[in-house]
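Just final30.txt here, compact mmCIF, C-alpha atoms and all ligand atoms:
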```
# COMPACT_ATOMS: atom_id res chain seq x y z
CA MET A 191 -22.14 -80.69 -56.58
CA LYS A 192 -22.86 -78.35 -53.68
CA ASN A 193 -23.34 -74.71 -54.67
CA PHE A 194 -20.33 -72.49 -53.98
CA SER A 195 -19.47 -68.87 -54.54
CA TYR A 196 -16.58 -67.65 -56.67
CA VAL A 197 -14.35 -64.67 -56.12
CA ARG A 198 -11.31 -63.51 -58.08
CA ALA A 199 -8.57 -62.13 -55.83
CA MET A 200 -6.45 -59.30 -57.23
CA SER A 201 -3.79 -59.33 -54.50
CA VAL A 202 -2.28 -61.82 -52.06
CA LYS A 203 -3.71 -59.75 -49.21
CA GLU A 204 -7.21 -59.98 -50.68
CA ALA A 205 -6.86 -63.74 -51.26
CA VAL A 206 -5.81 -64.28 -47.65
CA GLN A 207 -8.68 -62.11 -46.38
CA GLN A 208 -11.20 -64.05 -48.47
CA ALA A 209 -9.83 -67.30 -47.06
CA SER A 210 -11.15 -66.33 -43.62
CA ILE A 211 -14.61 -67.33 -44.86
CA PRO A 212 -15.10 -70.89 -43.53
CA GLN A 213 -14.52 -73.72 -46.03
CA SER A 214 -13.00 -71.42 -48.65
CA MET A 215 -10.40 -72.92 -50.98
CA PHE A 216 -7.88 -71.36 -53.36
CA ILE A 217 -8.01 -72.43 -56.99
CA ALA A 218 -5.33 -71.95 -59.66
CA GLY A 219 -4.86 -74.73 -62.27
CA GLY A 220 -7.51 -76.84 -60.53
CA THR A 221 -6.13 -80.06 -62.02
CA ASN A 222 -6.68 -82.05 -58.81
CA LEU A 223 -9.20 -79.88 -56.95
CA VAL A 224 -11.85 -79.93 -59.70
CA ASP A 225 -11.56 -83.73 -59.94
CA ARG A 226 -12.10 -83.97 -56.19
CA MET A 227 -15.07 -81.61 -56.28
CA LYS A 228 -16.72 -83.69 -58.98
CA VAL A 229 -16.80 -86.71 -56.67
CA PHE A 230 -17.71 -84.66 -53.56
CA LEU A 231 -14.37 -85.13 -51.81
CA ASP A 232 -14.10 -81.36 -51.47
CA GLU A 233 -17.18 -79.22 -51.06
CA PRO A 234 -15.92 -75.64 -50.63
CA SER A 235 -18.28 -72.82 -49.71
CA GLN A 236 -16.18 -70.46 -51.83
CA LEU A 237 -13.47 -70.77 -54.47
CA ILE A 238 -10.89 -68.00 -54.45
CA ASP A 239 -9.40 -67.68 -57.93
CA ILE A 240 -5.75 -66.70 -57.47
CA THR A 241 -4.70 -66.85 -61.12
CA ARG A 242 -4.43 -63.04 -61.45
CA LEU A 243 -1.90 -62.69 -58.63
CA ASP A 244 1.64 -61.54 -59.32
CA MET A 245 3.28 -64.92 -58.74
CA THR A 246 4.17 -65.93 -62.30
CA ARG A 247 7.89 -65.16 -62.49
CA ILE A 248 11.05 -67.23 -62.23
CA GLU A 249 13.86 -65.03 -61.00
CA GLN A 250 17.37 -65.35 -59.62
CA THR A 251 17.64 -63.96 -56.08
CA LYS A 252 20.42 -63.86 -53.49
CA ASP A 253 18.89 -66.98 -51.90
CA GLY A 254 18.62 -68.96 -55.12
CA LEU A 255 16.21 -69.45 -57.98
CA ARG A 256 12.74 -68.25 -56.96
CA LEU A 257 9.76 -69.89 -58.66
CA GLY A 258 6.48 -67.99 -58.28
CA ALA A 259 3.68 -70.22 -57.06
CA LEU A 260 1.67 -69.65 -60.25
CA VAL A 261 4.45 -70.59 -62.68
CA SER A 262 3.15 -73.53 -64.70
CA ASN A 263 4.83 -76.90 -64.40
CA THR A 264 5.70 -76.63 -68.11
CA ALA A 265 7.43 -73.27 -67.63
CA VAL A 266 9.52 -74.63 -64.75
CA ALA A 267 10.59 -77.72 -66.72
CA ASP A 268 11.47 -75.59 -69.78
CA HIS A 269 13.40 -72.90 -67.93
CA PRO A 270 17.08 -72.87 -69.02
CA GLU A 271 18.41 -72.39 -65.48
CA VAL A 272 16.28 -75.25 -64.12
CA ARG A 273 17.49 -77.51 -66.93
CA ARG A 274 21.12 -76.50 -66.40
CA SER A 275 21.38 -76.41 -62.61
CA TYR A 276 18.54 -78.65 -61.37
CA PRO A 277 18.04 -81.26 -64.14
CA MET A 278 16.34 -83.76 -61.81
CA LEU A 279 13.57 -81.21 -61.23
CA ALA A 280 12.98 -80.63 -64.94
CA ARG A 281 12.96 -84.38 -65.58
CA ALA A 282 10.57 -85.13 -62.70
CA ILE A 283 8.06 -82.61 -63.99
CA LEU A 284 8.25 -83.94 -67.54
CA LEU A 285 7.57 -87.48 -66.28
CA GLY A 286 4.40 -86.37 -64.49
CA ALA A 287 0.85 -86.06 -65.83
CA SER A 288 0.40 -85.01 -69.49
CA GLN A 289 1.52 -81.98 -71.49
CA GLN A 290 -1.97 -80.47 -71.26
CA ILE A 291 -2.08 -80.86 -67.48
CA ARG A 292 1.47 -79.54 -67.04
CA ASN A 293 0.48 -76.43 -69.03
CA VAL A 294 -2.11 -75.39 -66.43
CA ALA A 295 -0.86 -77.10 -63.24
CA THR A 296 1.03 -74.65 -61.04
CA THR A 297 4.12 -74.85 -58.87
CA GLY A 298 2.14 -74.19 -55.68
CA GLY A 299 -0.69 -76.51 -56.63
CA ASN A 300 1.69 -79.38 -57.32
CA LEU A 301 2.62 -79.38 -53.62
CA LEU A 302 -1.03 -79.58 -52.61
CA GLN A 303 -2.27 -82.43 -54.78
CA ARG A 304 -3.70 -85.25 -52.69
CA THR A 305 -2.94 -88.94 -52.66
CA ARG A 306 -4.12 -91.19 -55.47
CA CYS A 307 -5.01 -94.01 -53.05
CA PRO A 308 -8.02 -95.51 -54.88
CA TYR A 309 -9.96 -95.97 -51.64
CA TYR A 310 -9.74 -92.24 -50.98
CA TYR A 311 -11.53 -91.47 -54.25
CA ASP A 312 -14.12 -94.27 -53.94
CA THR A 313 -16.71 -93.25 -51.37
CA ALA A 314 -17.97 -96.84 -51.10
CA PHE A 315 -14.87 -97.59 -48.96
CA ASP A 316 -13.80 -96.41 -45.51
CA CYS A 317 -11.04 -93.80 -45.56
CA ASN A 318 -9.67 -91.86 -42.60
CA LYS A 319 -8.26 -89.20 -44.89
CA ARG A 320 -11.68 -88.53 -46.42
CA GLU A 321 -13.68 -89.11 -43.24
CA PRO A 322 -11.57 -89.17 -40.04
CA GLY A 323 -12.41 -92.10 -37.78
CA SER A 324 -14.12 -94.18 -40.47
CA GLY A 325 -11.24 -96.64 -40.98
CA CYS A 326 -8.68 -97.37 -43.69
CA ALA A 327 -9.74 -99.77 -46.46
CA ALA A 328 -6.19 -99.93 -47.81
CA LEU A 329 -4.83 -101.60 -44.66
CA THR A 330 -6.61 -104.85 -45.54
CA GLY A 331 -7.22 -104.12 -49.22
CA ILE A 332 -5.05 -104.11 -52.33
CA ASN A 333 -2.19 -102.01 -51.05
CA ARG A 334 0.47 -102.53 -53.73
CA ILE A 335 0.96 -98.80 -54.38
CA HIS A 336 1.06 -97.86 -50.71
CA ALA A 337 3.74 -96.81 -48.23
CA LEU A 338 6.90 -98.56 -47.03
CA PHE A 339 7.89 -95.80 -44.59
CA GLY A 340 6.22 -93.45 -42.13
CA ALA A 341 2.72 -94.94 -42.32
CA SER A 342 0.35 -95.27 -39.35
CA ASP A 343 -2.56 -97.54 -38.52
CA GLN A 344 -4.74 -94.65 -39.67
CA CYS A 345 -3.38 -94.27 -43.20
CA VAL A 346 -0.81 -95.95 -45.48
CA ALA A 347 -1.16 -93.66 -48.50
CA VAL A 348 1.76 -92.18 -50.46
CA HIS A 349 2.27 -88.66 -51.72
CA PRO A 350 1.66 -88.56 -55.49
CA SER A 351 3.87 -85.73 -56.76
CA ASP A 352 6.94 -86.26 -58.94
CA MET A 353 8.05 -82.64 -58.68
CA CYS A 354 8.15 -82.77 -54.89
CA VAL A 355 10.76 -85.54 -54.79
CA PRO A 356 13.66 -83.46 -56.22
CA LEU A 357 12.43 -80.48 -54.20
CA ALA A 358 13.05 -82.56 -51.06
CA ALA A 359 16.51 -83.57 -52.31
CA LEU A 360 17.34 -79.93 -53.12
CA ASP A 361 16.30 -78.58 -49.70
CA ALA A 362 13.89 -76.17 -51.34
CA ILE A 363 12.11 -73.52 -49.28
CA VAL A 364 8.36 -72.87 -49.44
CA GLU A 365 7.30 -69.24 -49.05
CA VAL A 366 3.80 -68.74 -47.68
CA GLU A 367 1.63 -65.80 -46.63
CA GLY A 368 -1.34 -65.99 -44.30
CA PRO A 369 -3.34 -64.14 -41.66
CA LYS A 370 -0.26 -63.94 -39.42
CA GLY A 371 2.05 -62.68 -42.17
CA LYS A 372 4.80 -64.26 -44.25
CA ARG A 373 6.95 -67.23 -43.33
CA GLN A 374 9.27 -69.79 -44.92
CA ILE A 375 8.94 -73.56 -44.48
CA PRO A 376 11.83 -75.96 -45.25
CA PHE A 377 10.50 -78.31 -47.91
CA THR A 378 11.09 -81.47 -45.89
CA ASP A 379 8.84 -79.99 -43.15
CA PHE A 380 6.09 -78.92 -45.51
CA HIS A 381 4.30 -82.27 -45.89
CA ARG A 382 3.19 -84.38 -42.91
CA LEU A 383 3.15 -88.03 -42.01
CA PRO A 384 -0.36 -89.39 -41.40
CA GLY A 385 -0.12 -90.20 -37.66
CA ASN A 386 -3.54 -89.72 -36.09
CA THR A 387 -4.48 -86.89 -38.45
CA PRO A 388 -4.28 -88.35 -41.98
CA GLN A 389 -6.78 -85.75 -43.17
CA ARG A 390 -3.93 -83.18 -42.97
CA ASP A 391 -1.34 -83.46 -45.73
CA THR A 392 0.70 -80.34 -44.99
CA ASN A 393 1.77 -78.01 -42.20
CA LEU A 394 0.04 -75.02 -43.77
CA GLU A 395 -2.06 -73.09 -41.26
CA PRO A 396 -5.66 -72.13 -42.10
CA GLY A 397 -5.76 -69.36 -44.71
CA GLU A 398 -2.08 -69.62 -45.69
CA LEU A 399 -1.28 -69.31 -49.38
CA ILE A 400 1.88 -70.62 -51.06
CA THR A 401 3.50 -67.66 -52.83
CA ALA A 402 6.81 -69.12 -54.10
CA LEU A 403 9.43 -71.83 -53.92
CA ILE A 404 13.13 -71.11 -53.55
CA LEU A 405 15.76 -73.47 -54.94
CA PRO A 406 19.02 -72.81 -53.06
CA PRO A 407 22.26 -72.90 -55.07
CA ALA A 408 23.16 -76.56 -55.58
CA PRO A 409 26.41 -77.17 -57.48
CA PHE A 410 26.05 -80.89 -56.72
CA ALA A 411 22.79 -81.02 -58.69
CA LYS A 412 24.24 -80.39 -62.16
CA THR A 413 24.48 -84.13 -62.83
CA SER A 414 21.37 -85.02 -60.86
CA VAL A 415 18.83 -87.48 -62.23
CA TYR A 416 15.22 -88.48 -61.68
CA LEU A 417 14.14 -92.05 -62.32
CA LYS A 418 10.47 -93.02 -62.27
CA LEU A 419 9.20 -96.60 -62.35
CA ARG A 420 5.48 -97.17 -62.95
CA ASP A 421 2.98 -99.67 -64.29
CA ARG A 422 2.79 -98.03 -67.72
CA ALA A 423 5.15 -95.70 -69.53
CA SER A 424 3.00 -92.58 -69.53
CA TYR A 425 0.35 -90.79 -67.51
CA ALA A 426 0.76 -92.96 -64.41
CA PHE A 427 1.92 -92.31 -60.87
CA ALA A 428 5.20 -93.73 -59.62
CA LEU A 429 5.43 -97.09 -57.93
CA VAL A 430 8.84 -95.86 -56.89
CA SER A 431 10.84 -92.87 -58.06
CA VAL A 432 14.32 -91.59 -57.20
CA ALA A 433 15.86 -88.14 -57.19
CA ALA A 434 19.60 -88.66 -56.93
CA ALA A 435 22.66 -86.46 -57.12
CA VAL A 436 26.30 -87.41 -56.74
CA GLU A 437 29.11 -84.86 -56.88
CA LEU A 438 32.64 -86.24 -57.22
CA ALA A 439 36.07 -84.88 -56.22
CA ASP A 440 39.24 -86.90 -56.87
CA ASN A 441 37.09 -89.92 -57.72
CA ARG A 442 35.44 -89.83 -54.31
CA ILE A 443 31.90 -88.76 -53.50
CA LYS A 444 31.92 -85.22 -52.16
CA THR A 445 28.15 -84.61 -51.96
CA ALA A 446 25.19 -86.98 -52.27
CA ARG A 447 21.44 -86.43 -52.24
CA LEU A 448 18.81 -89.14 -52.29
CA ALA A 449 15.04 -88.80 -52.07
CA MET A 450 12.24 -91.06 -53.21
CA GLY A 451 8.60 -90.95 -54.22
CA GLY A 452 6.10 -93.77 -53.83
CA MET A 453 7.60 -94.51 -50.42
CA ALA A 454 5.61 -92.49 -47.87
CA HIS A 455 2.96 -89.89 -47.13
CA LYS A 456 5.58 -87.28 -48.03
CA PRO A 457 8.64 -87.25 -50.32
CA TRP A 458 11.11 -89.45 -48.45
CA ARG A 459 14.69 -88.28 -47.93
CA PHE A 460 17.37 -90.87 -47.11
CA THR A 461 19.88 -88.84 -45.11
CA GLU A 462 21.61 -91.86 -43.53
CA ALA A 463 22.40 -93.26 -46.99
CA GLU A 464 23.58 -89.81 -48.11
CA THR A 465 26.00 -89.61 -45.16
CA PHE A 466 27.26 -93.13 -45.89
CA LEU A 467 28.12 -92.16 -49.46
CA ILE A 468 30.40 -89.23 -48.54
CA GLY A 469 34.06 -90.04 -49.18
CA LYS A 470 33.33 -93.40 -50.81
CA ALA A 471 34.37 -94.50 -54.30
CA ALA A 472 31.57 -94.11 -56.80
CA ASN A 473 31.00 -97.70 -57.84
CA THR A 474 28.26 -100.33 -57.94
CA GLU A 475 29.21 -101.83 -54.59
CA THR A 476 29.00 -98.45 -52.85
CA PHE A 477 25.64 -97.67 -54.42
CA GLN A 478 24.27 -101.10 -53.53
CA GLN A 479 25.31 -100.56 -49.91
CA ALA A 480 23.62 -97.16 -49.92
CA ALA A 481 20.44 -98.78 -51.26
CA GLU A 482 20.54 -101.43 -48.51
CA ILE A 483 20.94 -98.71 -45.86
CA ALA A 484 18.09 -96.71 -47.38
CA LEU A 485 15.61 -99.59 -47.41
CA LYS A 486 16.56 -101.27 -44.15
CA GLY A 487 13.69 -99.64 -42.25
CA ALA A 488 11.02 -100.44 -44.84
CA LYS A 489 7.78 -101.90 -43.52
CA PRO A 490 5.99 -103.58 -46.43
CA LEU A 491 2.26 -104.28 -46.41
CA GLU A 492 0.64 -107.43 -47.82
CA TYR A 493 0.92 -106.49 -51.50
CA ASN A 494 3.75 -103.98 -51.81
CA GLY A 495 6.78 -106.03 -50.74
CA PHE A 496 8.02 -105.97 -54.35
CA LYS A 497 8.71 -102.26 -53.97
CA VAL A 498 11.60 -102.92 -51.58
CA GLU A 499 13.76 -104.61 -54.22
CA LEU A 500 12.47 -102.27 -56.93
CA ALA A 501 13.52 -99.28 -54.83
CA LYS A 502 17.00 -100.70 -54.20
CA ARG A 503 17.60 -101.27 -57.91
CA ALA A 504 16.24 -97.83 -58.74
CA ILE A 505 18.57 -96.19 -56.20
CA ARG A 506 21.60 -98.07 -57.50
CA HIS A 507 20.83 -97.14 -61.10
CA ALA A 508 20.03 -93.48 -60.42
CA LEU A 509 23.21 -92.97 -58.37
CA THR A 510 25.27 -94.68 -61.08
CA VAL A 511 23.88 -92.44 -63.84
CA SER A 512 24.45 -89.31 -61.76
CA ALA A 513 28.04 -90.33 -60.97
CA LYS A 514 28.67 -90.79 -64.69
CA GLY A 515 27.62 -87.24 -65.46
CA GLY A 516 23.83 -87.36 -65.37
CA GLY A 517 21.29 -87.46 -68.18
CA ILE A 518 18.23 -89.64 -68.59
CA ALA A 519 18.26 -92.54 -66.12
FE1 LIG A 601 -7.72 -93.44 -46.93
FE2 LIG A 601 -5.14 -93.31 -46.38
FE3 LIG A 601 -6.43 -95.58 -46.00
FE4 LIG A 601 -6.02 -94.70 -48.49
S1 LIG A 601 -4.46 -95.33 -47.08
S2 LIG A 601 -7.90 -95.57 -47.62
S3 LIG A 601 -6.11 -92.47 -48.18
S4 LIG A 601 -6.81 -93.65 -44.92
```
Written as structure tokens, that's how I'd like the structure from this file.
Amino acid sequence: MKNFSYVRAMSVKEAVQQASIPQSMFIAGGTNLVDRMKVFLDEPSQLIDITRLDMTRIEQTKDGLRLGALVSNTAVADHPEVRRSYPMLARAILLGASQQIRNVATTGGNLLQRTRCPYYYDTAFDCNKREPGSGCAALTGINRIHALFGASDQCVAVHPSDMCVPLAALDAIVEVEGPKGKRQIPFTDFHRLPGNTPQRDTNLEPGELITALILPPAPFAKTSVYLKLRDRASYAFALVSVAAAVELADNRIKTARLAMGGMAHKPWRFTEAETFLIGKAANTETFQQAAEIALKGAKPLEYNGFKVELAKRAIRHALTVSAKGGGIA
């Protein structure tokens, strides 16, 4: 491991100032960053410890429920208001990682974890995300966990987070602070598609620090569900996952939200399927049609074609459970 310096920031301002030193990185839970450092994927010149910053509260604000960036994943999933008003978020967190990891992993860090494409972590293979211009081993390799949407000829990786999928469905807001001050980023604009710059996962500017997430009021989300399908029942990333919410009025769908994980380089929102659902009867036929609309633009690779049908069935099931009042899908 390359030598690096360590500094503990005592304020957001100090953390941002320290980040002006080239190749500095923030560290909080470190559950992905330390793994990457161990295999030389990240070689920071300086780690800025942000764990003492005042970003550990969950509070109700006029804009919605505000989650400080340092709130642990466990604390978010256990919070009564998250469980009551945003159950798909609580469920998504509980289906990710392990209890020990969730206890130290933070809200902000969850957004910044990097893909689990095996070729990214194995330096014996070419990877444009690790080394721009070197090639993409997954394009011609075993690409069963890779993207159906939004990929490029530079990178076909998928975003790994469970938590981020409901955040996309909920239209969460990301609060950040950097050298140019504070700003808010709509969640669906926070992560990037690979394009010609697969080394960039997010639209954060250099030196910007995530300070909080805001969950806007979402009456439709009370019966929301999160369904995760994976190769084994625990401690595995999603092949496909669905965050779904259906709100009914007079037996018709009044509001619908649909986002998926395991689909793309960012949590993938299906707005066309959501629009289709409005005003329809909540039944299997409607949900199957929504699933067909959602997956019609899928572009499978050599080994991941099975995910198209898997995703359709997952959508149909998740929407059905939500329409019946929610719970575990
Ligand atoms: Fe690297 Fe992306 Fe290709 Fe995986 S899919 S090998 S992360 S460039």
Please extract the residues at most 9 Å from ligand LIG 601 (chain A), counting all atoms listed in the file, and provide them as a ChimeraX atom specification, using the chain letters and residue numbers of this document. /A:304-312,315-322,324-329,331,333,336-337,341,343-348,384,388-389,455
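Considering the residues A:Pro407, A:Val436, A:Gln236, A:Ala454 and counting all atoms listed in the file, A:Thr251 has its shortest atom-to-atom contact with A:Pro407.
What separates atom CA of A:Phe230 from atom CA of A:Asn393 is a distance of 23.5 Å.
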Neighbouring residues of stretch 437-442 of chain A were defined as those with any atom within 7 Å, considering all atoms listed in the file; residues of the same chain fewer than 6 positions away were excluded. Please report them as a ChimeraX atom specification. /A:410,469-472,513
Just write the chosen residues, C-alpha atoms, as a PDB file, keeping the file's coordinate frame.
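For reference, selection.pdb as written:
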```pdb
ATOM      1  CA  PHE A 410      26.050 -80.890 -56.720  1.00  0.00           C
ATOM      2  CA  GLY A 469      34.060 -90.040 -49.180  1.00  0.00           C
ATOM      3  CA  LYS A 470      33.330 -93.400 -50.810  1.00  0.00           C
ATOM      4  CA  ALA A 471      34.370 -94.500 -54.300  1.00  0.00           C
ATOM      5  CA  ALA A 472      31.570 -94.110 -56.800  1.00  0.00           C
ATOM      6  CA  ALA A 513      28.040 -90.330 -60.970  1.00  0.00           C
TER       7      ALA A 513
END
```
Non-local contacts of A:Ile291 (10 Å; all atoms listed in the file; under 4 positions in same chain excluded) as a VMD selection string: chain A and resid 219 to 222 262 to 264 286 to 287 295 to 296
Keeping C-alpha atoms for every residue in the selection just given, could you write it to a file as a PDB file, in the coordinates of the input?
```pdb
ATOM      1  CA  GLY A 219      -4.860 -74.730 -62.270  1.00  0.00           C
ATOM      2  CA  GLY A 220      -7.510 -76.840 -60.530  1.00  0.00           C
ATOM      3  CA  THR A 221      -6.130 -80.060 -62.020  1.00  0.00           C
ATOM      4  CA  ASN A 222      -6.680 -82.050 -58.810  1.00  0.00           C
ATOM      5  CA  SER A 262       3.150 -73.530 -64.700  1.00  0.00           C
ATOM      6  CA  ASN A 263       4.830 -76.900 -64.400  1.00  0.00           C
ATOM      7  CA  THR A 264       5.700 -76.630 -68.110  1.00  0.00           C
ATOM      8  CA  GLY A 286       4.400 -86.370 -64.490  1.00  0.00           C
ATOM      9  CA  ALA A 287       0.850 -86.060 -65.830  1.00  0.00           C
ATOM     10  CA  ALA A 295      -0.860 -77.100 -63.240  1.00  0.00           C
ATOM     11  CA  THR A 296       1.030 -74.650 -61.040  1.00  0.00           C
TER      12      THR A 296
END
```
Give me, please, the distance in Å between atom CA of A:Glu464 and atom CA of A:Leu448, quoted to one decimal. 6.4 Å
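Coordinates place atom CA of A:Arg274 at a distance of 18.7 Å from atom CA of A:Thr297.
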Which is closest to A:Thr465 among A:Thr445, A:Thr401, A:Asn386, A:Thr330, if we use only C-alpha atoms? A:Thr445
Would you fill the gaps in stretch 343-359 of chain A so it has N, CA, C and O atoms, then print it as a CSV table (one decimal), in the coordinates of the input?
```
chain,number,residue,atom,x,y,z
A,343,ASP,N,-1.4,-96.7,-38.4
A,343,ASP,CA,-2.6,-97.5,-38.5
A,343,ASP,C,-3.8,-96.8,-38.9
A,343,ASP,O,-4.9,-97.4,-39.1
A,344,GLN,N,-3.6,-95.5,-39.2
A,344,GLN,CA,-4.7,-94.6,-39.7
A,344,GLN,C,-4.7,-94.5,-41.2
A,344,GLN,O,-5.7,-94.3,-41.8
A,345,CYS,N,-3.5,-94.5,-41.8
A,345,CYS,CA,-3.4,-94.3,-43.2
A,345,CYS,C,-2.0,-94.8,-43.7
A,345,CYS,O,-1.0,-94.5,-43.1
A,346,VAL,N,-2.0,-95.4,-44.9
A,346,VAL,CA,-0.8,-96.0,-45.5
A,346,VAL,C,-0.6,-95.4,-46.9
A,346,VAL,O,0.1,-96.0,-47.7
A,347,ALA,N,-1.2,-94.2,-47.2
A,347,ALA,CA,-1.2,-93.7,-48.5
A,347,ALA,C,0.2,-93.1,-48.8
A,347,ALA,O,1.0,-92.8,-47.9
A,348,VAL,N,0.5,-92.9,-50.1
A,348,VAL,CA,1.8,-92.2,-50.5
A,348,VAL,C,1.4,-90.9,-51.1
A,348,VAL,O,0.4,-90.7,-51.7
A,349,HIS,N,2.4,-90.0,-51.1
A,349,HIS,CA,2.3,-88.7,-51.7
A,349,HIS,C,2.5,-88.9,-53.2
A,349,HIS,O,3.3,-89.6,-53.6
A,350,PRO,N,1.6,-88.2,-54.1
A,350,PRO,CA,1.7,-88.6,-55.5
A,350,PRO,C,2.6,-87.8,-56.4
A,350,PRO,O,2.9,-88.1,-57.5
A,351,SER,N,3.2,-86.6,-55.9
A,351,SER,CA,3.9,-85.7,-56.8
A,351,SER,C,5.2,-86.3,-57.2
A,351,SER,O,6.0,-86.8,-56.4
A,352,ASP,N,5.6,-86.1,-58.5
A,352,ASP,CA,6.9,-86.3,-58.9
A,352,ASP,C,7.8,-85.0,-58.6
A,352,ASP,O,8.9,-85.2,-58.1
A,353,MET,N,7.3,-83.9,-58.9
A,353,MET,CA,8.0,-82.6,-58.7
A,353,MET,C,8.6,-82.5,-57.2
A,353,MET,O,9.7,-82.0,-57.0
A,354,CYS,N,7.8,-83.0,-56.3
A,354,CYS,CA,8.2,-82.8,-54.9
A,354,CYS,C,9.4,-83.6,-54.5
A,354,CYS,O,10.0,-83.3,-53.5
A,355,VAL,N,9.6,-84.7,-55.2
A,355,VAL,CA,10.8,-85.5,-54.8
A,355,VAL,C,12.1,-84.8,-55.0
A,355,VAL,O,12.9,-84.7,-54.0
A,356,PRO,N,12.4,-84.3,-56.1
A,356,PRO,CA,13.7,-83.5,-56.2
A,356,PRO,C,13.6,-82.2,-55.3
A,356,PRO,O,14.7,-81.8,-54.8
A,357,LEU,N,12.5,-81.7,-55.1
A,357,LEU,CA,12.4,-80.5,-54.2
A,357,LEU,C,12.9,-80.9,-52.8
A,357,LEU,O,13.6,-80.1,-52.1
A,358,ALA,N,12.6,-82.1,-52.4
A,358,ALA,CA,13.0,-82.6,-51.1
A,358,ALA,C,14.6,-82.8,-51.1
A,358,ALA,O,15.3,-82.4,-50.2
A,359,ALA,N,15.1,-83.3,-52.2
A,359,ALA,CA,16.5,-83.6,-52.3
A,359,ALA,C,17.3,-82.3,-52.4
A,359,ALA,O,18.4,-82.2,-51.9
```
